[in-house]
$ cat work-v9.pdb   # PDB, C-alpha atoms and all ligand atoms
MODEL        1
ATOM      1  CA  MET A 260       0.000   0.000   0.000  1.00  0.00           C
ATOM      2  CA  ARG A 261       1.271   3.496  -0.817  1.00  0.00           C
ATOM      3  CA  PRO A 262       1.851   5.903   2.081  1.00  0.00           C
ATOM      4  CA  GLN A 263      -1.031   8.279   2.740  1.00  0.00           C
ATOM      5  CA  PRO A 264      -0.152  11.916   1.891  1.00  0.00           C
ATOM      6  CA  ASP A 265       0.397  13.711   5.189  1.00  0.00           C
ATOM      7  CA  PHE A 266      -1.999  16.684   5.150  1.00  0.00           C
ATOM      8  CA  ILE A 267      -5.596  16.275   6.275  1.00  0.00           C
ATOM      9  CA  HIS A 268      -7.326  16.703   2.935  1.00  0.00           C
ATOM     10  CA  GLU A 269     -10.271  16.026   0.685  1.00  0.00           C
ATOM     11  CA  PHE A 270      -9.815  14.445  -2.712  1.00  0.00           C
ATOM     12  CA  VAL A 271     -12.634  14.366  -5.267  1.00  0.00           C
ATOM     13  CA  PRO A 272     -11.742  12.440  -8.434  1.00  0.00           C
ATOM     14  CA  GLY A 273     -12.699  14.127 -11.687  1.00  0.00           C
ATOM     15  CA  LYS A 274     -13.290  13.180 -15.319  1.00  0.00           C
ATOM     16  CA  SER A 275     -10.491  15.266 -16.854  1.00  0.00           C
ATOM     17  CA  ASP A 276      -6.702  15.265 -16.331  1.00  0.00           C
ATOM     18  CA  ARG A 277      -6.752  18.612 -14.554  1.00  0.00           C
ATOM     19  CA  THR A 278      -6.568  18.896 -10.773  1.00  0.00           C
ATOM     20  CA  LEU A 279      -7.550  22.002  -8.871  1.00  0.00           C
ATOM     21  CA  LEU A 280      -5.514  22.439  -5.697  1.00  0.00           C
ATOM     22  CA  LEU A 281      -7.883  24.263  -3.340  1.00  0.00           C
ATOM     23  CA  LEU A 282      -6.258  26.379  -0.622  1.00  0.00           C
ATOM     24  CA  HIS A 283      -8.544  27.910   1.991  1.00  0.00           C
ATOM     25  CA  GLY A 284      -8.236  31.190   3.897  1.00  0.00           C
ATOM     26  CA  THR A 285      -7.430  31.694   7.590  1.00  0.00           C
ATOM     27  CA  GLY A 286      -9.857  29.737   9.775  1.00  0.00           C
ATOM     28  CA  GLY A 287     -11.014  27.586   6.865  1.00  0.00           C
ATOM     29  CA  SER A 288     -10.874  23.857   6.306  1.00  0.00           C
ATOM     30  CA  GLU A 289     -10.355  21.295   3.573  1.00  0.00           C
ATOM     31  CA  ARG A 290     -14.096  21.386   2.884  1.00  0.00           C
ATOM     32  CA  ASP A 291     -14.451  25.165   2.330  1.00  0.00           C
ATOM     33  CA  LEU A 292     -13.505  25.524  -1.311  1.00  0.00           C
ATOM     34  CA  VAL A 293     -14.834  22.213  -2.679  1.00  0.00           C
ATOM     35  CA  PRO A 294     -18.086  23.841  -3.933  1.00  0.00           C
ATOM     36  CA  LEU A 295     -16.035  26.658  -5.516  1.00  0.00           C
ATOM     37  CA  GLY A 296     -13.785  24.114  -7.239  1.00  0.00           C
ATOM     38  CA  GLN A 297     -16.843  22.275  -8.601  1.00  0.00           C
ATOM     39  CA  GLU A 298     -18.210  25.559  -9.889  1.00  0.00           C
ATOM     40  CA  LEU A 299     -14.928  26.560 -11.552  1.00  0.00           C
ATOM     41  CA  ASP A 300     -14.421  23.242 -13.324  1.00  0.00           C
ATOM     42  CA  PRO A 301     -16.955  20.432 -12.808  1.00  0.00           C
ATOM     43  CA  ASN A 302     -14.690  17.943 -14.627  1.00  0.00           C
ATOM     44  CA  ALA A 303     -11.470  18.527 -12.692  1.00  0.00           C
ATOM     45  CA  SER A 304     -10.248  16.460  -9.768  1.00  0.00           C
ATOM     46  CA  LEU A 305     -10.152  18.446  -6.554  1.00  0.00           C
ATOM     47  CA  LEU A 306      -7.406  18.208  -3.963  1.00  0.00           C
ATOM     48  CA  SER A 307      -8.011  20.294  -0.890  1.00  0.00           C
ATOM     49  CA  PRO A 308      -5.555  20.183   2.039  1.00  0.00           C
ATOM     50  CA  ARG A 309      -6.090  21.781   5.442  1.00  0.00           C
ATOM     51  CA  GLY A 310      -3.377  24.222   6.576  1.00  0.00           C
ATOM     52  CA  LYS A 311      -1.239  22.752   9.362  1.00  0.00           C
ATOM     53  CA  THR A 312      -0.567  25.908  11.370  1.00  0.00           C
ATOM     54  CA  LEU A 313      -3.049  27.036  14.010  1.00  0.00           C
ATOM     55  CA  GLU A 314      -3.606  30.682  14.969  1.00  0.00           C
ATOM     56  CA  ASN A 315      -5.916  30.817  17.981  1.00  0.00           C
ATOM     57  CA  GLY A 316      -7.367  27.521  16.784  1.00  0.00           C
ATOM     58  CA  MET A 317      -7.771  28.724  13.190  1.00  0.00           C
ATOM     59  CA  PRO A 318      -6.030  26.648  10.499  1.00  0.00           C
ATOM     60  CA  ARG A 319      -3.611  28.518   8.226  1.00  0.00           C
ATOM     61  CA  PHE A 320      -0.948  27.461   5.746  1.00  0.00           C
ATOM     62  CA  PHE A 321       1.908  29.299   7.524  1.00  0.00           C
ATOM     63  CA  ARG A 322       2.548  31.463  10.597  1.00  0.00           C
ATOM     64  CA  ARG A 323       2.233  35.214  10.598  1.00  0.00           C
ATOM     65  CA  LEU A 324       3.597  37.675  13.132  1.00  0.00           C
ATOM     66  CA  ALA A 325       0.811  40.215  12.496  1.00  0.00           C
ATOM     67  CA  GLU A 326      -1.747  40.937   9.780  1.00  0.00           C
ATOM     68  CA  GLY A 327       0.242  40.865   6.527  1.00  0.00           C
ATOM     69  CA  VAL A 328       3.587  40.321   8.342  1.00  0.00           C
ATOM     70  CA  PHE A 329       4.756  36.800   7.703  1.00  0.00           C
ATOM     71  CA  ASP A 330       7.134  34.460   9.520  1.00  0.00           C
ATOM     72  CA  LEU A 331       9.355  33.908   6.481  1.00  0.00           C
ATOM     73  CA  GLU A 332      11.216  30.929   7.876  1.00  0.00           C
ATOM     74  CA  ASP A 333       7.950  29.136   8.581  1.00  0.00           C
ATOM     75  CA  LEU A 334       6.549  30.227   5.217  1.00  0.00           C
ATOM     76  CA  ARG A 335       9.485  28.653   3.344  1.00  0.00           C
ATOM     77  CA  LYS A 336       9.240  25.460   5.365  1.00  0.00           C
ATOM     78  CA  ARG A 337       5.462  25.176   4.880  1.00  0.00           C
ATOM     79  CA  THR A 338       5.747  25.976   1.176  1.00  0.00           C
ATOM     80  CA  ASN A 339       8.181  23.105   0.678  1.00  0.00           C
ATOM     81  CA  GLU A 340       6.021  20.822   2.813  1.00  0.00           C
ATOM     82  CA  LEU A 341       2.968  21.583   0.681  1.00  0.00           C
ATOM     83  CA  ALA A 342       4.927  21.116  -2.568  1.00  0.00           C
ATOM     84  CA  ASP A 343       6.183  17.726  -1.325  1.00  0.00           C
ATOM     85  CA  PHE A 344       2.645  16.770  -0.350  1.00  0.00           C
ATOM     86  CA  LEU A 345       1.513  17.542  -3.889  1.00  0.00           C
ATOM     87  CA  ILE A 346       4.188  15.310  -5.361  1.00  0.00           C
ATOM     88  CA  SER A 347       3.205  12.397  -3.126  1.00  0.00           C
ATOM     89  CA  ALA A 348      -0.545  13.042  -3.577  1.00  0.00           C
ATOM     90  CA  ALA A 349      -0.118  13.082  -7.371  1.00  0.00           C
ATOM     91  CA  LYS A 350       1.483   9.614  -7.169  1.00  0.00           C
ATOM     92  CA  HIS A 351      -1.031   8.338  -4.657  1.00  0.00           C
ATOM     93  CA  TYR A 352      -4.125   9.459  -6.584  1.00  0.00           C
ATOM     94  CA  GLU A 353      -2.499   8.972 -10.003  1.00  0.00           C
ATOM     95  CA  ILE A 354      -3.146  12.536 -11.087  1.00  0.00           C
ATOM     96  CA  ASP A 355      -1.242  14.334 -13.830  1.00  0.00           C
ATOM     97  CA  ASN A 356       1.349  16.436 -12.016  1.00  0.00           C
ATOM     98  CA  LYS A 357       1.703  18.691 -15.082  1.00  0.00           C
ATOM     99  CA  GLN A 358      -1.892  19.890 -14.832  1.00  0.00           C
ATOM    100  CA  ILE A 359      -2.199  21.134 -11.292  1.00  0.00           C
ATOM    101  CA  VAL A 360      -3.903  24.519 -11.010  1.00  0.00           C
ATOM    102  CA  ALA A 361      -3.895  26.191  -7.604  1.00  0.00           C
ATOM    103  CA  VAL A 362      -7.024  28.046  -6.521  1.00  0.00           C
ATOM    104  CA  GLY A 363      -6.228  29.974  -3.357  1.00  0.00           C
ATOM    105  CA  TYR A 364      -8.126  32.487  -1.285  1.00  0.00           C
ATOM    106  CA  SER A 365      -6.363  34.968   1.036  1.00  0.00           C
ATOM    107  CA  ASN A 366      -3.905  32.945   3.152  1.00  0.00           C
ATOM    108  CA  GLY A 367      -4.324  30.076   0.655  1.00  0.00           C
ATOM    109  CA  ALA A 368      -3.562  32.440  -2.241  1.00  0.00           C
ATOM    110  CA  ASN A 369      -0.463  33.628  -0.405  1.00  0.00           C
ATOM    111  CA  ILE A 370       0.969  30.128  -0.006  1.00  0.00           C
ATOM    112  CA  ALA A 371       0.102  29.407  -3.655  1.00  0.00           C
ATOM    113  CA  ALA A 372       2.063  32.537  -4.661  1.00  0.00           C
ATOM    114  CA  SER A 373       4.907  31.410  -2.415  1.00  0.00           C
ATOM    115  CA  MET A 374       4.909  28.004  -4.128  1.00  0.00           C
ATOM    116  CA  LEU A 375       5.131  29.692  -7.530  1.00  0.00           C
ATOM    117  CA  LEU A 376       8.180  31.640  -6.356  1.00  0.00           C
ATOM    118  CA  VAL A 377       9.963  28.934  -4.323  1.00  0.00           C
ATOM    119  CA  ARG A 378       8.950  25.696  -6.107  1.00  0.00           C
ATOM    120  CA  PRO A 379       8.118  26.950  -9.628  1.00  0.00           C
ATOM    121  CA  GLU A 380       7.995  23.441 -11.114  1.00  0.00           C
ATOM    122  CA  ILE A 381       4.917  22.353  -9.140  1.00  0.00           C
ATOM    123  CA  LEU A 382       1.992  24.385 -10.495  1.00  0.00           C
ATOM    124  CA  SER A 383       1.013  24.836 -14.140  1.00  0.00           C
ATOM    125  CA  ALA A 384      -1.321  27.730 -13.341  1.00  0.00           C
ATOM    126  CA  ALA A 385      -2.738  29.562 -10.343  1.00  0.00           C
ATOM    127  CA  ILE A 386      -5.835  31.561  -9.481  1.00  0.00           C
ATOM    128  CA  LEU A 387      -5.028  33.892  -6.613  1.00  0.00           C
ATOM    129  CA  PHE A 388      -7.985  35.544  -4.895  1.00  0.00           C
ATOM    130  CA  ARG A 389      -7.025  38.466  -2.595  1.00  0.00           C
ATOM    131  CA  ALA A 390      -3.299  37.661  -2.683  1.00  0.00           C
ATOM    132  CA  MET A 391      -0.290  39.712  -1.569  1.00  0.00           C
ATOM    133  CA  VAL A 392       3.496  39.315  -1.953  1.00  0.00           C
ATOM    134  CA  PRO A 393       4.334  36.386   0.336  1.00  0.00           C
ATOM    135  CA  LEU A 394       8.123  36.712   0.032  1.00  0.00           C
ATOM    136  CA  VAL A 395      10.739  37.907  -2.421  1.00  0.00           C
ATOM    137  CA  PRO A 396      12.879  34.946  -3.531  1.00  0.00           C
ATOM    138  CA  GLU A 397      16.691  35.212  -3.573  1.00  0.00           C
ATOM    139  CA  THR A 398      16.844  34.002  -7.160  1.00  0.00           C
ATOM    140  CA  THR A 399      14.229  34.702  -9.791  1.00  0.00           C
ATOM    141  CA  PRO A 400      12.352  31.500 -10.671  1.00  0.00           C
ATOM    142  CA  ASP A 401      11.511  30.534 -14.250  1.00  0.00           C
ATOM    143  CA  LEU A 402       7.739  30.851 -14.586  1.00  0.00           C
ATOM    144  CA  SER A 403       7.714  31.238 -18.361  1.00  0.00           C
ATOM    145  CA  ALA A 404       5.303  28.300 -18.731  1.00  0.00           C
ATOM    146  CA  THR A 405       2.982  29.413 -15.929  1.00  0.00           C
ATOM    147  CA  ARG A 406      -0.287  31.342 -16.135  1.00  0.00           C
ATOM    148  CA  VAL A 407      -1.574  33.300 -13.185  1.00  0.00           C
ATOM    149  CA  LEU A 408      -4.853  35.087 -12.524  1.00  0.00           C
ATOM    150  CA  ILE A 409      -4.834  37.591  -9.646  1.00  0.00           C
ATOM    151  CA  SER A 410      -8.286  38.758  -8.588  1.00  0.00           C
ATOM    152  CA  GLU A 411      -8.493  41.544  -6.010  1.00  0.00           C
ATOM    153  CA  GLY A 412     -11.014  43.829  -4.313  1.00  0.00           C
ATOM    154  CA  ASP A 413     -10.915  47.606  -4.778  1.00  0.00           C
ATOM    155  CA  ASP A 414     -11.738  48.205  -1.111  1.00  0.00           C
ATOM    156  CA  ASP A 415      -9.769  45.374   0.421  1.00  0.00           C
ATOM    157  CA  PRO A 416      -8.516  46.529   3.851  1.00  0.00           C
ATOM    158  CA  ILE A 417      -5.865  43.763   3.851  1.00  0.00           C
ATOM    159  CA  VAL A 418      -4.459  43.898   0.289  1.00  0.00           C
ATOM    160  CA  SER A 419      -3.814  47.328  -1.244  1.00  0.00           C
ATOM    161  CA  ALA A 420      -3.799  47.903  -4.997  1.00  0.00           C
ATOM    162  CA  ALA A 421      -0.067  48.696  -4.763  1.00  0.00           C
ATOM    163  CA  GLU A 422       0.611  45.388  -3.014  1.00  0.00           C
ATOM    164  CA  ALA A 423      -1.384  43.461  -5.625  1.00  0.00           C
ATOM    165  CA  GLY A 424       0.535  45.273  -8.364  1.00  0.00           C
ATOM    166  CA  ARG A 425       3.830  44.382  -6.693  1.00  0.00           C
ATOM    167  CA  LEU A 426       2.835  40.690  -6.765  1.00  0.00           C
ATOM    168  CA  ALA A 427       1.877  40.890 -10.443  1.00  0.00           C
ATOM    169  CA  GLY A 428       5.231  42.589 -11.209  1.00  0.00           C
ATOM    170  CA  LEU A 429       7.227  39.974  -9.311  1.00  0.00           C
ATOM    171  CA  LEU A 430       5.528  37.120 -11.162  1.00  0.00           C
ATOM    172  CA  ARG A 431       5.855  38.859 -14.542  1.00  0.00           C
ATOM    173  CA  ARG A 432       9.576  39.444 -14.017  1.00  0.00           C
ATOM    174  CA  ALA A 433       9.844  35.672 -13.527  1.00  0.00           C
ATOM    175  CA  GLY A 434       8.213  35.220 -16.944  1.00  0.00           C
ATOM    176  CA  ALA A 435       4.687  34.284 -15.859  1.00  0.00           C
ATOM    177  CA  ASP A 436       1.694  35.214 -18.007  1.00  0.00           C
ATOM    178  CA  VAL A 437      -0.241  37.289 -15.442  1.00  0.00           C
ATOM    179  CA  THR A 438      -3.779  38.661 -15.630  1.00  0.00           C
ATOM    180  CA  ILE A 439      -4.783  40.992 -12.797  1.00  0.00           C
ATOM    181  CA  ARG A 440      -8.323  42.304 -12.194  1.00  0.00           C
ATOM    182  CA  PHE A 441      -9.955  44.410  -9.492  1.00  0.00           C
ATOM    183  CA  PHE A 442     -13.609  44.165  -8.513  1.00  0.00           C
ATOM    184  CA  GLN A 443     -15.795  46.372  -6.362  1.00  0.00           C
ATOM    185  CA  SER A 444     -15.356  44.385  -3.207  1.00  0.00           C
ATOM    186  CA  GLY A 445     -13.451  44.085   0.035  1.00  0.00           C
ATOM    187  CA  HIS A 446     -11.482  41.000   1.109  1.00  0.00           C
ATOM    188  CA  GLU A 447     -14.505  38.751   0.530  1.00  0.00           C
ATOM    189  CA  LEU A 448     -15.072  36.847  -2.706  1.00  0.00           C
ATOM    190  CA  THR A 449     -17.865  37.890  -5.067  1.00  0.00           C
ATOM    191  CA  THR A 450     -19.652  36.189  -7.944  1.00  0.00           C
ATOM    192  CA  ASP A 451     -17.606  38.451 -10.270  1.00  0.00           C
ATOM    193  CA  ASP A 452     -14.408  36.782  -9.024  1.00  0.00           C
ATOM    194  CA  VAL A 453     -15.886  33.331  -9.604  1.00  0.00           C
ATOM    195  CA  ASP A 454     -17.236  34.188 -13.082  1.00  0.00           C
ATOM    196  CA  LEU A 455     -13.898  35.655 -14.129  1.00  0.00           C
ATOM    197  CA  ALA A 456     -11.952  32.648 -12.813  1.00  0.00           C
ATOM    198  CA  ARG A 457     -14.237  30.149 -14.577  1.00  0.00           C
ATOM    199  CA  GLU A 458     -13.956  32.010 -17.854  1.00  0.00           C
ATOM    200  CA  TRP A 459     -10.163  32.465 -17.474  1.00  0.00           C
ATOM    201  CA  LEU A 460      -9.691  28.731 -16.812  1.00  0.00           C
ATOM    202  CA  THR A 461     -11.538  27.849 -20.012  1.00  0.00           C
ATOM    203  CA  ARG A 462      -9.998  30.541 -22.176  1.00  0.00           C
ATOM    204  CA  VAL A 463      -6.408  30.688 -20.924  1.00  0.00           C
ATOM    205  CA  VAL A 464      -5.537  27.368 -19.345  1.00  0.00           C
ATOM    206  CA  ASP A 465      -7.350  24.869 -21.598  1.00  0.00           C
TER     207      ASP A 465
HETATM  208  C1  LIG A 501      -2.258  36.099   5.435  1.00  0.00           C
HETATM  209  O1  LIG A 501      -1.990  36.055   6.612  1.00  0.00           O
HETATM  210  O2  LIG A 501      -1.965  35.233   4.620  1.00  0.00           O
HETATM  211  C2  LIG A 501      -2.988  37.315   4.986  1.00  0.00           C
HETATM  212  O3  LIG A 501      -2.924  38.296   5.970  1.00  0.00           O
HETATM  213  C3  LIG A 501      -4.375  37.013   4.620  1.00  0.00           C
HETATM  214  C4  LIG A 501      -5.126  36.431   5.770  1.00  0.00           C
HETATM  215  O4  LIG A 501      -5.097  35.229   5.943  1.00  0.00           O
HETATM  216  O5  LIG A 501      -5.772  37.180   6.514  1.00  0.00           O
ENDMDL
END

$ encode --input "work-v9.pdb" --output "structure tokens" --more "lines below"
Ligand code: MLT
Amino acid sequence: MRPQPDFIHEFVPGKSDRTLLLLHGTGGSERDLVPLGQELDPNASLLSPRGKTLENGMPRFFRRLAEGVFDLEDLRKRTNELADFLISAAKHYEIDNKQIVAVGYSNGANIAASMLLVRPEILSAAILFRAMVPLVPETTPDLSATRVLISEGDDDPIVSAAEAGRLAGLLRRAGADVTIRFFQSGHELTTDDVDLAREWLTRVVD
């Protein structure tokens, strides 16, 4: 028997070769984004881990020192841990590791962005809802084969437009094909975000 991948997670097998890696926000769980994943691509497999760090009992994907101030050592460690989990989960569930698309919200979007920058070989594309710059890597990764959608809120009290722009710039300098959009919203997701992401997945990633 193969070893069980070591994050608490949900896996929903799909009909196509694509897998959506669903990464929840602070205080979420592995179940949170499953309906969103089904809405974005009803044919994809869904892999949804639960963040291993707890902040006052709330699961997260890495530690933070304050709102928007990250524990970079923990972030690097957790990013590598999640990337390694994906490799073993891809073997375990026999999913195509060249067609993994991250869909992250808030803290989940930040670890997805970190994975793009630190382990650029893992994801083929990423949808980042309400993301910020997680870290600036020492060496610029090669993301020339990677597509990224960044979807932000105009009135987000956590992610400023400048911060979102900085993330888009960082990913573009690494060669990624980046689309960035702002909607009339705060930190919460809207149906506009979901409609855009669904359409982008069909048009850009297929
Ligand atoms: C983070 O900690 O990743 C960001 O501040 C977003 C959040 O989870 O609130």

$ residues_around --input "work-v9.pdb" --residues "stretch 431-447 of chain A" --least-positions-apart "3" --cutoff "6 Å" --atoms "all atoms listed in the file" --output "PyMOL selection string"
chain A and resi 399-403+405-415+428

$ resolve_selection --input "work-v9.pdb" --expression "the PyMOL selection byres (((chain A and resi 267-272) around 8) and not hetatm)" --output "list in words"
Asp265, Phe266, Gly273, Lys274, Glu289, Arg290, Ala303, Ser304, Leu305, Leu306, Ser307, Pro308 and Arg309 of chain A

$ residues_near_ligand --input "work-v9.pdb" --ligand "ligand LIG 501 (chain A)" --cutoff "8 Å" --atoms "all atoms listed in the file" --output "ChimeraX atom specification"
/A:284-285,319-323,325-329,365-370,389-391,393,417

$ write_last_selection --input "work-v9.pdb" --atoms "C-alpha atoms" --output "PDB file, keeping the file's coordinate frame"
ATOM      1  CA  GLY A 284      -8.236  31.190   3.897  1.00  0.00           C
ATOM      2  CA  THR A 285      -7.430  31.694   7.590  1.00  0.00           C
ATOM      3  CA  ARG A 319      -3.611  28.518   8.226  1.00  0.00           C
ATOM      4  CA  PHE A 320      -0.948  27.461   5.746  1.00  0.00           C
ATOM      5  CA  PHE A 321       1.908  29.299   7.524  1.00  0.00           C
ATOM      6  CA  ARG A 322       2.548  31.463  10.597  1.00  0.00           C
ATOM      7  CA  ARG A 323       2.233  35.214  10.598  1.00  0.00           C
ATOM      8  CA  ALA A 325       0.811  40.215  12.496  1.00  0.00           C
ATOM      9  CA  GLU A 326      -1.747  40.937   9.780  1.00  0.00           C
ATOM     10  CA  GLY A 327       0.242  40.865   6.527  1.00  0.00           C
ATOM     11  CA  VAL A 328       3.587  40.321   8.342  1.00  0.00           C
ATOM     12  CA  PHE A 329       4.756  36.800   7.703  1.00  0.00           C
ATOM     13  CA  SER A 365      -6.363  34.968   1.036  1.00  0.00           C
ATOM     14  CA  ASN A 366      -3.905  32.945   3.152  1.00  0.00           C
ATOM     15  CA  GLY A 367      -4.324  30.076   0.655  1.00  0.00           C
ATOM     16  CA  ALA A 368      -3.562  32.440  -2.241  1.00  0.00           C
ATOM     17  CA  ASN A 369      -0.463  33.628  -0.405  1.00  0.00           C
ATOM     18  CA  ILE A 370       0.969  30.128  -0.006  1.00  0.00           C
ATOM     19  CA  ARG A 389      -7.025  38.466  -2.595  1.00  0.00           C
ATOM     20  CA  ALA A 390      -3.299  37.661  -2.683  1.00  0.00           C
ATOM     21  CA  MET A 391      -0.290  39.712  -1.569  1.00  0.00           C
ATOM     22  CA  PRO A 393       4.334  36.386   0.336  1.00  0.00           C
ATOM     23  CA  ILE A 417      -5.865  43.763   3.851  1.00  0.00           C
TER      24      ILE A 417
END

$ closest_residue --input "work-v9.pdb" --among "A:Leu426, A:Ala404, A:Leu331, A:Ile381" --to "A:Phe344" --atoms "only C-alpha atoms"
A:Ile381

$ closest_residue --input "work-v9.pdb" --among "A:Ile386, A:Leu429, A:Ala372, A:Leu280" --to "A:Leu455" --atoms "all atoms listed in the file"
A:Ile386

$ resolve_selection --input "work-v9.pdb" --expression "the PyMOL selection byres (((chain A and resi 356) around 12) and not hetatm)" --output "ChimeraX atom specification"
/A:276-280,304,342-355,357-361,380-384

$ atom_distance --input "work-v9.pdb" --atom1 "atom CA of A:Asn339" --atom2 "atom CA of A:Val453"
28.1 Å

$ atom_distance --input "work-v9.pdb" --atom1 "atom CA of A:Arg335" --atom2 "atom CA of A:Leu448"
26.6 Å

$ atom_distance --input "work-v9.pdb" --atom1 "atom CA of A:Phe388" --atom2 "atom CA of A:Val362"
7.7 Å

$ residues_around --input "work-v9.pdb" --residues "A:Arg457" --least-positions-apart "3" --cutoff "9 Å" --atoms "only C-alpha atoms" --output "number ranges by chain"
A: 298-300, 452-454, 460-462

$ resolve_selection --input "work-v9.pdb" --expression "the PyMOL selection byres (((chain A and resi 282) around 6) and not hetatm)" --output "VMD selection string"
chain A and resid 281 283 363 367

$ axis_aligned_box --input "work-v9.pdb" --around "stretch 452-457 of chain A" --padding-each-side "6 Å" --output "AutoDock Vina command-line options"
--center_x -14.6 --center_y 33.5 --center_z -11.8 --size_x 17.3 --size_y 18.6 --size_z 17.6

$ closest_residue --input "work-v9.pdb" --among "A:Pro416, A:Leu334, A:Glu340, A:Thr449" --to "A:Val392" --atoms "all atoms listed in the file"
A:Leu334
